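Student: To be precise about what I am sending: the file is called target.cif and holds mmCIF, C-alpha atoms.
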data_protein
#
loop_
_atom_site.label_atom_id
_atom_site.label_comp_id
_atom_site.auth_asym_id
_atom_site.auth_seq_id
_atom_site.Cartn_x
_atom_site.Cartn_y
_atom_site.Cartn_z
CA MET A 1031 -64.02 -56.45 21.78
CA PRO A 1032 -63.30 -52.68 21.89
CA PRO A 1033 -63.25 -51.04 25.33
CA ALA A 1034 -66.45 -49.46 26.58
CA LEU A 1035 -66.81 -45.69 26.45
CA LEU A 1036 -65.05 -44.06 29.38
CA THR A 1037 -67.27 -43.15 32.30
CA HIS A 1038 -67.44 -39.38 32.49
CA GLU A 1039 -69.24 -36.28 33.71
CA VAL A 1040 -70.11 -33.26 31.55
CA THR A 1041 -70.70 -29.79 32.99
CA GLY A 1042 -72.04 -27.13 30.61
CA ASP A 1043 -74.13 -27.10 27.46
CA SER A 1044 -71.84 -26.09 24.58
CA ARG A 1045 -70.89 -28.78 22.08
CA ASP A 1046 -68.48 -26.56 20.14
CA ILE A 1047 -65.56 -26.84 22.54
CA ALA A 1048 -64.89 -28.37 25.95
CA LEU A 1049 -62.09 -28.71 28.45
CA LEU A 1050 -61.08 -32.38 28.65
CA LEU A 1051 -59.90 -32.87 32.23
CA LEU A 1052 -57.54 -35.80 32.79
CA HIS A 1053 -56.86 -36.92 36.34
CA PRO A 1054 -53.42 -38.11 37.51
CA LEU A 1055 -52.31 -41.57 38.56
CA GLY A 1056 -54.14 -42.75 41.66
CA ALA A 1057 -57.13 -40.42 41.28
CA ASP A 1058 -60.44 -40.26 39.42
CA LEU A 1059 -62.62 -37.62 37.79
CA ARG A 1060 -63.47 -36.04 41.17
CA PHE A 1061 -59.93 -34.64 41.16
CA TRP A 1062 -61.28 -31.75 39.06
CA ASP A 1063 -64.41 -30.84 41.04
CA ALA A 1064 -63.05 -27.61 42.53
CA CYS A 1065 -61.64 -26.37 39.21
CA ILE A 1066 -64.92 -27.16 37.45
CA ALA A 1067 -66.75 -25.03 40.02
CA HIS A 1068 -64.53 -22.07 39.14
CA TRP A 1069 -65.02 -22.63 35.39
CA ARG A 1070 -68.81 -22.94 35.61
CA GLY A 1071 -70.36 -20.51 33.14
CA LEU A 1072 -67.05 -20.04 31.31
CA PHE A 1073 -66.33 -23.46 29.82
CA THR A 1074 -68.02 -26.76 29.20
CA CYS A 1075 -65.99 -29.42 31.00
CA VAL A 1076 -65.69 -33.16 30.38
CA ALA A 1077 -64.04 -35.18 33.14
CA PRO A 1078 -63.54 -38.89 32.30
CA ASN A 1079 -62.24 -41.73 34.38
CA LEU A 1080 -59.22 -42.90 32.43
CA ARG A 1081 -58.61 -46.60 32.04
CA GLN A 1082 -56.93 -47.88 35.21
CA SER A 1083 -58.30 -45.02 37.29
CA THR A 1084 -59.59 -45.72 40.78
CA THR A 1085 -63.01 -46.56 39.33
CA ALA A 1086 -62.17 -47.93 35.87
CA PRO A 1087 -59.86 -50.94 36.20
CA SER A 1088 -58.24 -52.60 33.18
CA LEU A 1089 -56.79 -56.05 32.66
CA ARG A 1090 -53.36 -54.88 31.48
CA PRO A 1091 -51.25 -51.73 31.28
CA THR A 1092 -52.41 -49.42 28.50
CA THR A 1093 -50.25 -47.26 26.23
CA LEU A 1094 -50.38 -43.51 25.70
CA GLU A 1095 -51.81 -44.11 22.25
CA GLU A 1096 -54.59 -46.37 23.55
CA GLN A 1097 -55.58 -43.81 26.16
CA ALA A 1098 -55.58 -41.03 23.55
CA ASP A 1099 -57.80 -43.19 21.34
CA ASP A 1100 -60.20 -43.66 24.27
CA LEU A 1101 -60.48 -39.88 24.50
CA GLU A 1102 -61.16 -39.44 20.79
CA GLU A 1103 -63.92 -42.05 20.98
CA LEU A 1104 -65.41 -40.11 23.88
CA ARG A 1105 -65.23 -36.81 21.98
CA ALA A 1106 -66.93 -38.30 18.95
CA ALA A 1107 -69.66 -39.93 21.04
CA LEU A 1108 -70.40 -36.67 22.86
CA GLY A 1109 -70.31 -34.62 19.67
CA PHE A 1110 -67.75 -31.99 20.64
CA GLY A 1111 -66.10 -30.14 17.77
CA HIS A 1112 -62.89 -29.27 19.62
CA LEU A 1113 -61.26 -30.13 22.93
CA VAL A 1114 -58.75 -28.50 25.23
CA PRO A 1115 -56.95 -31.42 26.91
CA VAL A 1116 -55.86 -30.53 30.45
CA GLY A 1117 -53.59 -33.14 32.02
CA CYS A 1118 -51.88 -33.34 35.40
CA ALA A 1119 -48.69 -35.24 36.25
CA MET A 1120 -48.66 -38.56 34.37
CA SER A 1121 -51.86 -37.67 32.52
CA SER A 1122 -50.08 -34.64 31.07
CA MET A 1123 -48.44 -37.12 28.70
CA VAL A 1124 -51.86 -38.52 27.74
CA ALA A 1125 -53.09 -34.99 27.04
CA ALA A 1126 -50.04 -34.25 24.88
CA CYS A 1127 -50.47 -37.52 23.01
CA TYR A 1128 -54.08 -36.63 22.20
CA ALA A 1129 -53.03 -33.19 20.94
CA ALA A 1130 -50.31 -34.70 18.74
CA ARG A 1131 -52.56 -37.43 17.30
CA HIS A 1132 -55.64 -35.23 16.80
CA PRO A 1133 -54.44 -31.72 15.91
CA ASP A 1134 -57.65 -30.92 14.03
CA ARG A 1135 -59.70 -31.53 17.19
CA THR A 1136 -57.37 -29.83 19.68
CA ALA A 1137 -57.94 -26.11 20.22
CA ALA A 1138 -55.35 -25.66 22.97
CA LEU A 1139 -53.37 -27.73 25.47
CA VAL A 1140 -52.73 -27.30 29.20
CA LEU A 1141 -50.20 -29.45 31.05
CA ALA A 1142 -49.86 -29.28 34.84
CA ASN A 1143 -46.93 -30.83 36.73
CA ALA A 1144 -45.70 -32.12 33.40
CA THR A 1145 -42.84 -34.33 32.32
CA PRO A 1146 -41.74 -35.36 28.83
CA ARG A 1147 -41.28 -38.99 29.82
CA SER A 1148 -41.05 -41.45 32.69
CA SER A 1149 -37.37 -41.37 33.57
CA GLU A 1150 -35.47 -44.56 34.37
CA GLN A 1151 -35.63 -43.62 38.05
CA ALA A 1152 -39.37 -42.95 37.91
CA ALA A 1153 -40.02 -46.16 35.97
CA ALA A 1154 -38.08 -48.18 38.54
CA MET A 1155 -40.01 -46.54 41.39
CA LEU A 1156 -43.37 -47.17 39.72
CA THR A 1157 -42.51 -50.79 38.96
CA ALA A 1158 -41.43 -51.37 42.55
CA ARG A 1159 -44.58 -49.68 43.82
CA ALA A 1160 -46.72 -51.97 41.65
CA GLU A 1161 -45.03 -55.02 43.18
CA THR A 1162 -45.47 -53.63 46.69
CA VAL A 1163 -49.22 -53.00 46.41
CA ARG A 1164 -49.82 -56.35 44.75
CA SER A 1165 -48.26 -58.12 47.71
CA GLY A 1166 -49.28 -55.81 50.55
CA GLY A 1167 -52.27 -53.82 49.34
CA MET A 1168 -52.59 -50.04 49.21
CA ALA A 1169 -51.77 -49.74 52.91
CA ALA A 1170 -48.21 -50.87 52.15
CA ILE A 1171 -47.38 -47.55 50.45
CA LEU A 1172 -49.30 -45.23 52.77
CA PRO A 1173 -49.02 -42.55 53.97
CA GLN A 1174 -45.76 -41.86 52.08
CA ALA A 1175 -47.33 -42.17 48.61
CA VAL A 1176 -49.71 -39.31 49.44
CA GLU A 1177 -47.48 -37.21 51.68
CA ARG A 1178 -44.84 -36.56 49.02
CA PRO A 1179 -47.28 -35.08 46.45
CA PHE A 1180 -48.46 -32.68 49.19
CA LEU A 1181 -44.99 -31.69 50.40
CA ASN A 1182 -44.90 -28.34 52.23
CA LEU A 1183 -48.69 -28.05 52.10
CA PRO A 1184 -51.16 -28.33 55.00
CA LYS A 1185 -52.90 -31.61 55.70
CA ASP A 1186 -56.31 -30.07 55.25
CA ARG A 1187 -59.63 -31.42 53.99
CA ARG A 1188 -58.36 -31.66 50.42
CA TYR A 1189 -55.44 -33.78 51.62
CA GLU A 1190 -57.75 -36.03 53.62
CA ASP A 1191 -60.16 -36.41 50.68
CA TYR A 1192 -57.35 -37.34 48.31
CA LEU A 1193 -55.92 -39.80 50.85
CA ALA A 1194 -59.31 -41.51 51.19
CA THR A 1195 -59.71 -41.82 47.40
CA PHE A 1196 -56.17 -43.11 46.97
CA ALA A 1197 -56.39 -45.62 49.81
CA GLY A 1198 -59.76 -46.96 48.69
CA GLN A 1199 -58.82 -47.99 45.17
CA SER A 1200 -58.11 -51.48 43.90
CA ALA A 1201 -54.49 -52.50 44.52
CA ASP A 1202 -54.43 -54.54 41.32
CA GLY A 1203 -55.83 -51.64 39.29
CA TYR A 1204 -53.33 -49.21 40.77
CA ALA A 1205 -50.48 -51.63 40.09
CA LEU A 1206 -51.47 -51.82 36.42
CA ALA A 1207 -51.70 -48.02 36.24
CA CYS A 1208 -48.19 -47.77 37.71
CA LEU A 1209 -46.83 -50.22 35.14
CA ALA A 1210 -48.52 -48.30 32.32
CA SER A 1211 -47.10 -44.98 33.52
CA ALA A 1212 -43.63 -46.48 33.86
CA GLY A 1213 -43.55 -46.97 30.10
CA PHE A 1214 -44.85 -43.54 29.07
CA ASP A 1215 -42.65 -41.42 26.77
CA ALA A 1216 -44.25 -38.34 25.22
CA ALA A 1217 -40.99 -36.63 24.24
CA PRO A 1218 -41.24 -37.62 20.53
CA LEU A 1219 -44.85 -36.37 20.46
CA LEU A 1220 -44.39 -32.93 22.01
CA PRO A 1221 -42.79 -31.32 18.91
CA LEU A 1222 -45.86 -32.44 16.93
CA VAL A 1223 -48.25 -30.31 19.01
CA ARG A 1224 -49.52 -27.42 16.88
CA CYS A 1225 -51.91 -25.59 19.20
CA PRO A 1226 -51.38 -22.87 21.83
CA SER A 1227 -49.97 -24.62 24.90
CA LEU A 1228 -49.53 -23.73 28.56
CA VAL A 1229 -47.32 -25.72 30.94
CA ILE A 1230 -47.71 -25.03 34.69
CA ALA A 1231 -45.31 -26.47 37.28
CA GLY A 1232 -45.78 -26.63 41.04
CA GLU A 1233 -43.22 -24.73 43.09
CA HIS A 1234 -42.89 -27.52 45.67
CA ASP A 1235 -43.23 -30.52 43.34
CA VAL A 1236 -40.44 -32.97 44.21
CA LEU A 1237 -41.82 -35.82 42.09
CA LEU A 1238 -41.98 -33.91 38.79
CA PRO A 1239 -40.07 -30.71 39.61
CA PRO A 1240 -40.31 -27.50 37.57
CA ALA A 1241 -37.22 -28.41 35.55
CA LEU A 1242 -39.15 -31.27 33.95
CA GLY A 1243 -42.07 -29.01 33.14
CA ARG A 1244 -39.69 -26.51 31.60
CA GLU A 1245 -38.18 -29.30 29.49
CA ALA A 1246 -41.62 -30.40 28.31
CA ALA A 1247 -42.51 -26.82 27.39
CA SER A 1248 -39.26 -26.41 25.46
CA LEU A 1249 -40.25 -29.32 23.21
CA ILE A 1250 -43.65 -27.84 22.29
CA PRO A 1251 -43.45 -25.11 19.65
CA GLY A 1252 -44.39 -21.76 21.19
CA ALA A 1253 -45.46 -23.17 24.58
CA ARG A 1254 -45.71 -20.89 27.60
CA PHE A 1255 -44.17 -22.08 30.88
CA GLU A 1256 -45.17 -20.89 34.36
CA ILE A 1257 -44.45 -21.91 37.95
CA MET A 1258 -47.33 -21.78 40.43
CA PRO A 1259 -46.35 -20.73 43.97
CA ASP A 1260 -47.58 -22.75 46.95
CA ALA A 1261 -48.43 -25.79 44.82
CA ALA A 1262 -46.78 -29.20 44.88
CA HIS A 1263 -47.41 -32.26 42.68
CA PHE A 1264 -51.11 -31.59 42.00
CA ALA A 1265 -51.37 -27.87 41.17
CA PRO A 1266 -55.00 -28.01 39.93
CA TYR A 1267 -56.15 -29.84 43.05
CA GLN A 1268 -54.03 -27.97 45.58
CA ARG A 1269 -54.57 -24.45 44.18
CA PRO A 1270 -57.81 -24.76 42.21
CA GLU A 1271 -58.79 -21.09 42.24
CA ALA A 1272 -55.36 -19.89 41.09
CA PHE A 1273 -55.00 -22.69 38.55
CA ALA A 1274 -58.47 -22.11 37.10
CA ALA A 1275 -57.75 -18.39 36.77
CA ARG A 1276 -54.46 -18.98 34.94
CA VAL A 1277 -56.10 -21.40 32.53
CA ALA A 1278 -59.04 -19.07 31.89
CA SER A 1279 -56.71 -16.16 31.16
CA PHE A 1280 -54.62 -18.27 28.79
CA LEU A 1281 -57.63 -19.66 26.94
CA ASP A 1282 -59.28 -16.26 26.59
CA ALA A 1283 -56.57 -15.38 24.06
CA ALA A 1284 -55.71 -18.85 22.77
CA LEU A 1285 -59.22 -19.84 21.71
CA ARG A 1286 -59.74 -16.62 19.79
CA ARG A 1287 -56.76 -17.63 17.65
CA THR A 1288 -57.68 -21.27 17.07
CA VAL A 1289 -61.48 -21.60 17.10
CA PRO A 1290 -63.56 -19.40 14.78
CA ALA A 1291 -66.41 -17.52 16.43
#
Spit out the file's structure as structure tokens when you get a sec.
Tutor:
Amino acid sequence: MPPALLTHEVTGDSRDIALLLLHPLGADLRFWDACIAHWRGLFTCVAPNLRQSTTAPSLRPTTLEEQADDLEELRAALGFGHLVPVGCAMSSMVAACYAARHPDRTAALVLANATPRSSEQAAAMLTARAETVRSGGMAAILPQAVERPFLNLPKDRRYEDYLATFAGQSADGYALACLASAGFDAAPLLPLVRCPSLVIAGEHDVLLPPALGREAASLIPGARFEIMPDAAHFAPYQRPEAFAARVASFLDAALRRTVPA
């Protein structure tokens, strides 16, 4: 039986083009709420819960290709002509996979806190984390699992909201998501991307540091690379106003080149 259509929220009325907002590991579609508020009136936005998100558990780890296929099914069901995939952290590889597999439907690509692949070190860490939460629940990896993505940033309301979402998810679902991410490798797909692309790294990101974002950008033909000050592992969530402005500026030019008026 094929998987059900991803749960999602749509903001805006256009069916010509939409931003496809992909949340990172350990989050759900609410990750994008602040950015969507800044884009209201500029872009139609589609925010899905990916398989193995905090609210969409799966029975096994899913591949990049399977997740990209989920997104194409969602696009077709909603009737959008073109998408701009916007991924963050591990979902940046899902966004890139969609762009590589569906170039005729991808108007532009935005990758935040990107990496070309899960390194051996990252894969080992994610596998160990999966084992830890399966035996000890989500509490076994807190608060460290949330503190590191927010390194050098204040523990404000956004931190507390993310911590609550992260802590409240299914341990089994999160473990499967970790195992899926441990096997991700988008490096062979990045050279296949044919649309205008923007890669944004977080200045204080110690999990996927700017060097990895720069490497990802170097593999995408013509990609632009930027570093966002005062952002760590979740640039769109931690600096939504600045991130939304950068994306809007980039797309103002990029969409004129790729999508006919």
Student: For Gln1174 (chain A), which residue among A:Phe1196, A:Ile1250, A:Phe1073, A:Gln1097 is the nearest when counting only C-alpha atoms?
Tutor: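 Of the candidates, the smallest distance to Gln1174 (chain A) is held by A:Phe1196.
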Student: Translate the PyMOL selection byres ((chain A and resi 1206) around 12), as applied to the file shown, into an explicit residue set as number ranges by chain.
Tutor: A: 1055-1056, 1081-1084, 1086-1093, 1156-1161, 1163-1164, 1200-1205, 1207-1213
Student: For region 1105-1117 of chain A, please output as a PDB file with C-alpha atoms, in the frame of the given file all residues within 9 Å (counting all atoms listed in the file; exclusion window: fewer than 4 positions along the same chain).
Tutor:
ATOM      1  CA  LEU A1035     -66.810 -45.690  26.450  1.00  0.00           C
ATOM      2  CA  SER A1044     -71.840 -26.090  24.580  1.00  0.00           C
ATOM      3  CA  ARG A1045     -70.890 -28.780  22.080  1.00  0.00           C
ATOM      4  CA  ASP A1046     -68.480 -26.560  20.140  1.00  0.00           C
ATOM      5  CA  ILE A1047     -65.560 -26.840  22.540  1.00  0.00           C
ATOM      6  CA  ALA A1048     -64.890 -28.370  25.950  1.00  0.00           C
ATOM      7  CA  LEU A1049     -62.090 -28.710  28.450  1.00  0.00           C
ATOM      8  CA  LEU A1050     -61.080 -32.380  28.650  1.00  0.00           C
ATOM      9  CA  LEU A1051     -59.900 -32.870  32.230  1.00  0.00           C
ATOM     10  CA  LEU A1052     -57.540 -35.800  32.790  1.00  0.00           C
ATOM     11  CA  HIS A1053     -56.860 -36.920  36.340  1.00  0.00           C
ATOM     12  CA  PRO A1054     -53.420 -38.110  37.510  1.00  0.00           C
ATOM     13  CA  ASP A1100     -60.200 -43.660  24.270  1.00  0.00           C
ATOM     14  CA  LEU A1101     -60.480 -39.880  24.500  1.00  0.00           C
ATOM     15  CA  SER A1121     -51.860 -37.670  32.520  1.00  0.00           C
ATOM     16  CA  SER A1122     -50.080 -34.640  31.070  1.00  0.00           C
ATOM     17  CA  MET A1123     -48.440 -37.120  28.700  1.00  0.00           C
ATOM     18  CA  VAL A1124     -51.860 -38.520  27.740  1.00  0.00           C
ATOM     19  CA  ALA A1125     -53.090 -34.990  27.040  1.00  0.00           C
ATOM     20  CA  ALA A1126     -50.040 -34.250  24.880  1.00  0.00           C
ATOM     21  CA  TYR A1128     -54.080 -36.630  22.200  1.00  0.00           C
ATOM     22  CA  ALA A1129     -53.030 -33.190  20.940  1.00  0.00           C
ATOM     23  CA  ASP A1134     -57.650 -30.920  14.030  1.00  0.00           C
ATOM     24  CA  ARG A1135     -59.700 -31.530  17.190  1.00  0.00           C
ATOM     25  CA  THR A1136     -57.370 -29.830  19.680  1.00  0.00           C
ATOM     26  CA  ALA A1137     -57.940 -26.110  20.220  1.00  0.00           C
ATOM     27  CA  ALA A1138     -55.350 -25.660  22.970  1.00  0.00           C
ATOM     28  CA  LEU A1139     -53.370 -27.730  25.470  1.00  0.00           C
ATOM     29  CA  VAL A1140     -52.730 -27.300  29.200  1.00  0.00           C
ATOM     30  CA  LEU A1141     -50.200 -29.450  31.050  1.00  0.00           C
ATOM     31  CA  ALA A1142     -49.860 -29.280  34.840  1.00  0.00           C
ATOM     32  CA  ASN A1143     -46.930 -30.830  36.730  1.00  0.00           C
ATOM     33  CA  ALA A1144     -45.700 -32.120  33.400  1.00  0.00           C
ATOM     34  CA  VAL A1289     -61.480 -21.600  17.100  1.00  0.00           C
TER      35      VAL A1289
END
Student: Just want the 9 Å neighbourhood of Pro1179 (chain A), counted on only C-alpha atoms, with same-chain residues fewer than 5 positions away dropped. Output as number ranges by chain.
Tutor: A: 1174, 1234-1237, 1262-1264
Student: May I ask which of the residues A:Gly1198, A:Gly1243, A:Pro1226, A:Pro1146 is the closest one to Ala1057 (chain A), counting all atoms listed in the file?
Tutor: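 That would be A:Gly1198, the residue with the smallest distance to Ala1057 (chain A).
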Student: Hey, can you check how far CA of Ile1257 (chain A) sits from CA of Leu1059 (chain A)?
Tutor: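 Going from CA of Ile1257 (chain A) over to CA of Leu1059 (chain A) covers 24.0 Å.
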Student: So that I can see what lies close to Arg1060 (chain A), please list as a list in words the residues with an atom at most 10 Å from it, counting only C-alpha atoms and leaving out residues fewer than 6 positions away in the same chain.
Tutor: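 The residues satisfying every condition are Glu1039, His1053, Ile1066, Ala1077, Pro1078, Asn1079, Tyr1192, Thr1195 and Tyr1267 of chain A.
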Student: Taking only C-alpha atoms into account, which of A:Asp1191, A:Glu1150, A:Asp1043, A:Asp1282 comes nearest Gln1268 (chain A)?
Tutor: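 The closest residue to Gln1268 (chain A) is A:Asp1191.
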Student: Record the distance separating CA of Ala1253 (chain A) and CA of Cys1225 (chain A), expressed in Å with one decimal.
Tutor: 8.7 Å
Student: Give me the residues within 10 Å of Ser1149 (chain A) as a list in words, counting all atoms listed in the file and dropping any in the same chain fewer than 3 places off.
Tutor: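 Surrounding residues, per the criterion: Thr1145, Pro1146, Ala1152, Ala1153, Ala1154, Met1155, Ala1212, Gly1213, Phe1214 and Asp1215 of chain A.
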Student: Rounded to one decimal in Å, what is the spacing between CA of Gln1151 (chain A) and CA of Pro1240 (chain A)?
Tutor: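 Separation of CA of Gln1151 (chain A) and CA of Pro1240 (chain A): 16.8 Å.
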Student: Could you work out an axis-aligned box for region 1245-1255 of chain A, taking every atom the file lists and adding 3 Å on each side, and report centre and edge lengths in Å to one decimal, as lines of an AutoDock Vina configuration file?
Tutor:
center_x = -41.9
center_y = -25.6
center_z = 25.3
size_x = 13.5
size_y = 15.5
size_z = 17.2
Student: Written as a PDB file with C-alpha atoms, in the frame of the given file, what is the full residue list that the PyMOL selection byres ((chain A and resi 1130) around 6) yields on the file shown?
Tutor:
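Result file is result_7.pdb:
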ATOM      1  CA  CYS A1127     -50.470 -37.520  23.010  1.00  0.00           C
ATOM      2  CA  TYR A1128     -54.080 -36.630  22.200  1.00  0.00           C
ATOM      3  CA  ALA A1129     -53.030 -33.190  20.940  1.00  0.00           C
ATOM      4  CA  ARG A1131     -52.560 -37.430  17.300  1.00  0.00           C
ATOM      5  CA  HIS A1132     -55.640 -35.230  16.800  1.00  0.00           C
ATOM      6  CA  PRO A1133     -54.440 -31.720  15.910  1.00  0.00           C
ATOM      7  CA  LEU A1219     -44.850 -36.370  20.460  1.00  0.00           C
ATOM      8  CA  LEU A1222     -45.860 -32.440  16.930  1.00  0.00           C
ATOM      9  CA  VAL A1223     -48.250 -30.310  19.010  1.00  0.00           C
TER      10      VAL A1223
END
Student: Given only C-alpha atoms as the basis, pick out the residue of A:Ala1197, A:Ala1067, A:Gly1042, A:Arg1187 nearest to Ala1170 (chain A).
Tutor: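 Looking only at the distances to Ala1170 (chain A), the closest residue turns out to be A:Ala1197.
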Student: For each of A:Leu1181, A:Ala1216, A:Ala1274, A:Arg1286, take the minimum atom-to-atom distance to Pro1239 (chain A), counting all atoms listed in the file, then give the residue where this is smallest.
Tutor: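 Using all atoms listed in the file, the shortest distance to Pro1239 (chain A) belongs to A:Leu1181.
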Student: With distances taken over all atoms listed in the file, which residue among A:Leu1172, A:Gly1232, A:Leu1104, A:Asn1182 lies nearest Pro1266 (chain A)?
Tutor: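 Closest to Pro1266 (chain A) of all the choices is A:Gly1232.
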Student: Skipping near chain neighbours, those fewer than 5 positions away, what residues fall within 9 Å of Phe1280 (chain A) using only C-alpha atoms, listed as an NGL selection string?
Tutor: :A and (1226-1228 or 1275 or 1285)
Student: Atoms are missing here; could region 1098-1111 of chain A be completed with N, CA and C atoms and written as an mmCIF file, keeping the file's coordinate frame?
Tutor:
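Once everything was written out, this is out-v4.cif:
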data_model
loop_
_atom_site.group_PDB
_atom_site.id
_atom_site.type_symbol
_atom_site.label_atom_id
_atom_site.label_comp_id
_atom_site.auth_asym_id
_atom_site.auth_seq_id
_atom_site.Cartn_x
_atom_site.Cartn_y
_atom_site.Cartn_z
ATOM 1 N N ALA A 1098 -55.180 -42.132 24.425
ATOM 2 C CA ALA A 1098 -55.580 -41.030 23.550
ATOM 3 C C ALA A 1098 -56.739 -41.455 22.645
ATOM 4 N N ASP A 1099 -56.706 -42.682 22.168
ATOM 5 C CA ASP A 1099 -57.800 -43.190 21.340
ATOM 6 C C ASP A 1099 -59.104 -43.280 22.133
ATOM 7 N N ASP A 1100 -59.011 -43.670 23.409
ATOM 8 C CA ASP A 1100 -60.200 -43.660 24.270
ATOM 9 C C ASP A 1100 -60.832 -42.270 24.298
ATOM 10 N N LEU A 1101 -59.987 -41.254 24.397
ATOM 11 C CA LEU A 1101 -60.480 -39.880 24.500
ATOM 12 C C LEU A 1101 -61.121 -39.416 23.201
ATOM 13 N N GLU A 1102 -60.560 -39.813 22.061
ATOM 14 C CA GLU A 1102 -61.160 -39.440 20.790
ATOM 15 C C GLU A 1102 -62.508 -40.124 20.602
ATOM 16 N N GLU A 1103 -62.624 -41.372 21.039
ATOM 17 C CA GLU A 1103 -63.920 -42.050 20.980
ATOM 18 C C GLU A 1103 -64.948 -41.323 21.848
ATOM 19 N N LEU A 1104 -64.507 -40.852 23.003
ATOM 20 C CA LEU A 1104 -65.410 -40.110 23.880
ATOM 21 C C LEU A 1104 -65.838 -38.795 23.235
ATOM 22 N N ARG A 1105 -64.887 -38.072 22.654
ATOM 23 C CA ARG A 1105 -65.230 -36.810 21.980
ATOM 24 C C ARG A 1105 -66.269 -37.029 20.888
ATOM 25 N N ALA A 1106 -66.015 -38.035 20.050
ATOM 26 C CA ALA A 1106 -66.930 -38.300 18.950
ATOM 27 C C ALA A 1106 -68.320 -38.683 19.455
ATOM 28 N N ALA A 1107 -68.366 -39.495 20.498
ATOM 29 C CA ALA A 1107 -69.660 -39.930 21.040
ATOM 30 C C ALA A 1107 -70.444 -38.759 21.629
ATOM 31 N N LEU A 1108 -69.734 -37.813 22.243
ATOM 32 C CA LEU A 1108 -70.400 -36.670 22.860
ATOM 33 C C LEU A 1108 -70.672 -35.544 21.875
ATOM 34 N N GLY A 1109 -70.033 -35.594 20.714
ATOM 35 C CA GLY A 1109 -70.310 -34.620 19.670
ATOM 36 C C GLY A 1109 -69.609 -33.291 19.807
ATOM 37 N N PHE A 1110 -68.495 -33.242 20.516
ATOM 38 C CA PHE A 1110 -67.750 -31.990 20.640
ATOM 39 C C PHE A 1110 -66.916 -31.738 19.391
ATOM 40 N N GLY A 1111 -66.900 -30.477 18.931
ATOM 41 C CA GLY A 1111 -66.100 -30.140 17.770
ATOM 42 C C GLY A 1111 -64.618 -30.069 18.093
#
